[in-house]
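Asks: One file: run_13.pdb (PDB, C-alpha atoms, pLDDT in the B column).
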```pdb
ATOM      1  CA  MET A   1      -0.722 -38.635 -17.356  1.00 54.00           C
ATOM      2  CA  MET A   2      -1.495 -35.572 -15.232  1.00 61.00           C
ATOM      3  CA  HIS A   3       2.236 -34.908 -14.979  1.00 70.00           C
ATOM      4  CA  TRP A   4       2.522 -34.400 -18.731  1.00 72.00           C
ATOM      5  CA  ILE A   5      -0.612 -32.243 -18.892  1.00 79.00           C
ATOM      6  CA  GLY A   6       0.877 -30.065 -16.175  1.00 76.00           C
ATOM      7  CA  THR A   7       4.156 -29.920 -18.091  1.00 73.00           C
ATOM      8  CA  ILE A   8       2.320 -28.762 -21.223  1.00 78.00           C
ATOM      9  CA  ILE A   9       0.467 -26.051 -19.301  1.00 81.00           C
ATOM     10  CA  ILE A  10       3.689 -24.904 -17.634  1.00 78.00           C
ATOM     11  CA  GLY A  11       5.398 -25.001 -21.036  1.00 77.00           C
ATOM     12  CA  PHE A  12       2.722 -22.754 -22.482  1.00 80.00           C
ATOM     13  CA  VAL A  13       3.262 -20.195 -19.717  1.00 81.00           C
ATOM     14  CA  ALA A  14       7.037 -20.644 -19.921  1.00 76.00           C
ATOM     15  CA  GLY A  15       6.919 -19.981 -23.663  1.00 75.00           C
ATOM     16  CA  LEU A  16       5.105 -16.701 -23.092  1.00 78.00           C
ATOM     17  CA  ILE A  17       7.581 -15.693 -20.385  1.00 76.00           C
ATOM     18  CA  ALA A  18      10.493 -16.704 -22.623  1.00 72.00           C
ATOM     19  CA  LYS A  19       9.083 -14.556 -25.433  1.00 74.00           C
ATOM     20  CA  LEU A  20       9.124 -11.571 -23.085  1.00 77.00           C
ATOM     21  CA  VAL A  21      12.666 -12.340 -21.881  1.00 72.00           C
ATOM     22  CA  THR A  22      14.209 -13.155 -25.260  1.00 68.00           C
ATOM     23  CA  PRO A  23      15.722 -10.029 -26.841  1.00 63.00           C
ATOM     24  CA  GLY A  24      14.709  -8.860 -30.288  1.00 62.00           C
ATOM     25  CA  THR A  25      11.613  -9.329 -32.322  1.00 59.00           C
ATOM     26  CA  GLY A  26      11.076 -12.564 -34.116  1.00 58.00           C
ATOM     27  CA  PRO A  27       8.886 -13.493 -37.044  1.00 57.00           C
ATOM     28  CA  MET A  28       6.933 -15.945 -34.922  1.00 65.00           C
ATOM     29  CA  GLY A  29       3.417 -15.630 -33.688  1.00 72.00           C
ATOM     30  CA  PHE A  30       1.559 -16.652 -30.581  1.00 73.00           C
ATOM     31  CA  TRP A  31       1.096 -20.319 -31.484  1.00 78.00           C
ATOM     32  CA  LEU A  32       4.683 -20.935 -32.514  1.00 80.00           C
ATOM     33  CA  THR A  33       5.870 -19.295 -29.300  1.00 77.00           C
ATOM     34  CA  ALA A  34       3.545 -21.546 -27.291  1.00 79.00           C
ATOM     35  CA  ILE A  35       4.656 -24.686 -29.142  1.00 84.00           C
ATOM     36  CA  LEU A  36       8.343 -23.881 -28.695  1.00 81.00           C
ATOM     37  CA  GLY A  37       7.702 -23.146 -25.018  1.00 80.00           C
ATOM     38  CA  ILE A  38       5.995 -26.502 -24.577  1.00 82.00           C
ATOM     39  CA  ALA A  39       8.883 -28.227 -26.339  1.00 85.00           C
ATOM     40  CA  GLY A  40      11.389 -26.466 -24.084  1.00 81.00           C
ATOM     41  CA  ALA A  41       9.420 -27.418 -20.979  1.00 79.00           C
ATOM     42  CA  VAL A  42       9.144 -31.063 -21.986  1.00 80.00           C
ATOM     43  CA  VAL A  43      12.856 -31.314 -22.774  1.00 83.00           C
ATOM     44  CA  ALA A  44      13.876 -29.484 -19.581  1.00 81.00           C
ATOM     45  CA  THR A  45      11.524 -31.620 -17.470  1.00 79.00           C
ATOM     46  CA  PHE A  46      12.795 -34.850 -18.980  1.00 82.00           C
ATOM     47  CA  ILE A  47      16.467 -33.943 -18.662  1.00 86.00           C
ATOM     48  CA  GLY A  48      16.154 -32.392 -15.192  1.00 83.00           C
ATOM     49  CA  GLN A  49      14.348 -35.379 -13.727  1.00 80.00           C
ATOM     50  CA  ALA A  50      16.532 -37.925 -15.522  1.00 86.00           C
ATOM     51  CA  VAL A  51      19.698 -36.325 -14.168  1.00 88.00           C
ATOM     52  CA  GLY A  52      18.142 -35.968 -10.714  1.00 84.00           C
ATOM     53  CA  TRP A  53      18.268 -32.171 -10.424  1.00 82.00           C
ATOM     54  CA  TYR A  54      14.687 -32.030  -9.149  1.00 77.00           C
ATOM     55  CA  GLN A  55      11.621 -34.173  -8.596  1.00 75.00           C
ATOM     56  CA  GLU A  56       8.128 -33.803  -9.994  1.00 72.00           C
ATOM     57  CA  GLY A  57       6.254 -30.839  -8.524  1.00 70.00           C
ATOM     58  CA  GLN A  58       9.269 -28.871  -7.299  1.00 72.00           C
ATOM     59  CA  PRO A  59       9.494 -25.145  -8.199  1.00 69.00           C
ATOM     60  CA  ALA A  60      12.824 -25.808  -9.917  1.00 70.00           C
ATOM     61  CA  GLY A  61      10.843 -27.585 -12.625  1.00 73.00           C
ATOM     62  CA  PHE A  62       9.102 -24.348 -13.566  1.00 75.00           C
ATOM     63  CA  ILE A  63      12.389 -22.454 -13.604  1.00 79.00           C
ATOM     64  CA  ALA A  64      13.972 -25.164 -15.755  1.00 79.00           C
ATOM     65  CA  SER A  65      10.968 -25.005 -18.091  1.00 77.00           C
ATOM     66  CA  VAL A  66      11.416 -21.273 -18.588  1.00 78.00           C
ATOM     67  CA  ILE A  67      15.146 -21.737 -19.190  1.00 82.00           C
ATOM     68  CA  GLY A  68      14.432 -24.585 -21.639  1.00 82.00           C
ATOM     69  CA  ALA A  69      11.891 -22.439 -23.482  1.00 79.00           C
ATOM     70  CA  VAL A  70      14.359 -19.527 -23.706  1.00 79.00           C
ATOM     71  CA  VAL A  71      17.045 -21.839 -25.096  1.00 83.00           C
ATOM     72  CA  ILE A  72      14.647 -23.252 -27.715  1.00 83.00           C
ATOM     73  CA  LEU A  73      13.508 -19.732 -28.697  1.00 79.00           C
ATOM     74  CA  VAL A  74      17.086 -18.478 -29.027  1.00 78.00           C
ATOM     75  CA  ILE A  75      18.000 -21.478 -31.191  1.00 83.00           C
ATOM     76  CA  TYR A  76      14.919 -20.864 -33.332  1.00 81.00           C
ATOM     77  CA  HIS A  77      15.826 -17.172 -33.740  1.00 76.00           C
ATOM     78  CA  LEU A  78      19.362 -18.100 -34.812  1.00 80.00           C
ATOM     79  CA  ILE A  79      18.105 -20.618 -37.361  1.00 83.00           C
ATOM     80  CA  ALA A  80      15.390 -18.290 -38.702  1.00 76.00           C
ATOM     81  CA  ARG A  81      17.855 -15.389 -38.965  1.00 73.00           C
ATOM     82  CA  ASN A  82      20.332 -17.499 -40.961  1.00 74.00           C
ATOM     83  CA  LYS A  83      17.665 -18.570 -43.465  1.00 70.00           C
ATOM     84  CA  GLN A  84      16.794 -14.985 -44.389  1.00 61.00           C
TER      85      GLN A  84
END
```
Take the structure in this file and express it as structure tokens.
Replies:
Amino acid sequence: MMHWIGTIIIGFVAGLIAKLVTPGTGPMGFWLTAILGIAGAVVATFIGQAVGWYQEGQPAGFIASVIGAVVILVIYHLIARNKQ
């Protein structure tokens, strides 16, 4: 249980970092950025541990969370841009 709470907290921070790293301005606010960051962290954590790239608690998990959050934000920007 604590593992997932930690993943959510890391995802929140990763979402904020991803917002700073992602180029351009998007129509999303603070909460949507945080939610997409959490989603990216959860997906990156699940995939990274399932494939065996890293174990729970390794620094690579945080890096993967940031990368996952950036990927989710970029996908969201592409979808939101196409709908306008």
Asks: Can you give me, as an MDAnalysis selection string, the residues this file yields under the PyMOL selection byres ((chain A and resi 37-48) around 8)?
Replies: chainID A and resid 7:16 18 33:36 49:54 61 64:73
Asks: State, in Å with one decimal place, the distance from CA of His3 in chain A to CA of Leu32 in chain A.
Replies: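 Here the two named atoms are 22.6 Å from each other.
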Asks: Rank A:Phe62, A:Trp31, A:Gln55, A:Lys19 by their smallest atom-to-atom distance to Gly6 in chain A, using all atoms listed in the file, and report the top residue only.
Replies: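 Between A:Phe62, A:Trp31, A:Gln55, A:Lys19, the residue approaching Gly6 in chain A most closely is A:Phe62.
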Asks: Please measure the separation of CA of Ala60 in chain A and CA of Val74 in chain A, giving the value in Å to one decimal.
Replies: 20.9 Å
Asks: Kindly provide, as lines of an AutoDock Vina configuration file, the centre and edge lengths (Å, one decimal) of an axis-aligned box around all atoms of range 40-56 of chain A given in the file, with 6 Å on each side.
Replies:
```
center_x = 13.9
center_y = -32.2
center_z = -16.3
size_x = 23.6
size_y = 23.5
size_z = 27.5
```
Asks: Provide the CA of Ile5 in chain A to CA of Glu56 in chain A distance in Å, to one decimal place.
Replies: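 Result for CA of Ile5 in chain A versus CA of Glu56 in chain A: 12.6 Å, one decimal.
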Asks: Between A:Trp4, A:Phe30, A:Ile17, A:Lys83, which has the minimum distance to Gly57 in chain A (counting all atoms listed in the file)?
Replies: A:Trp4
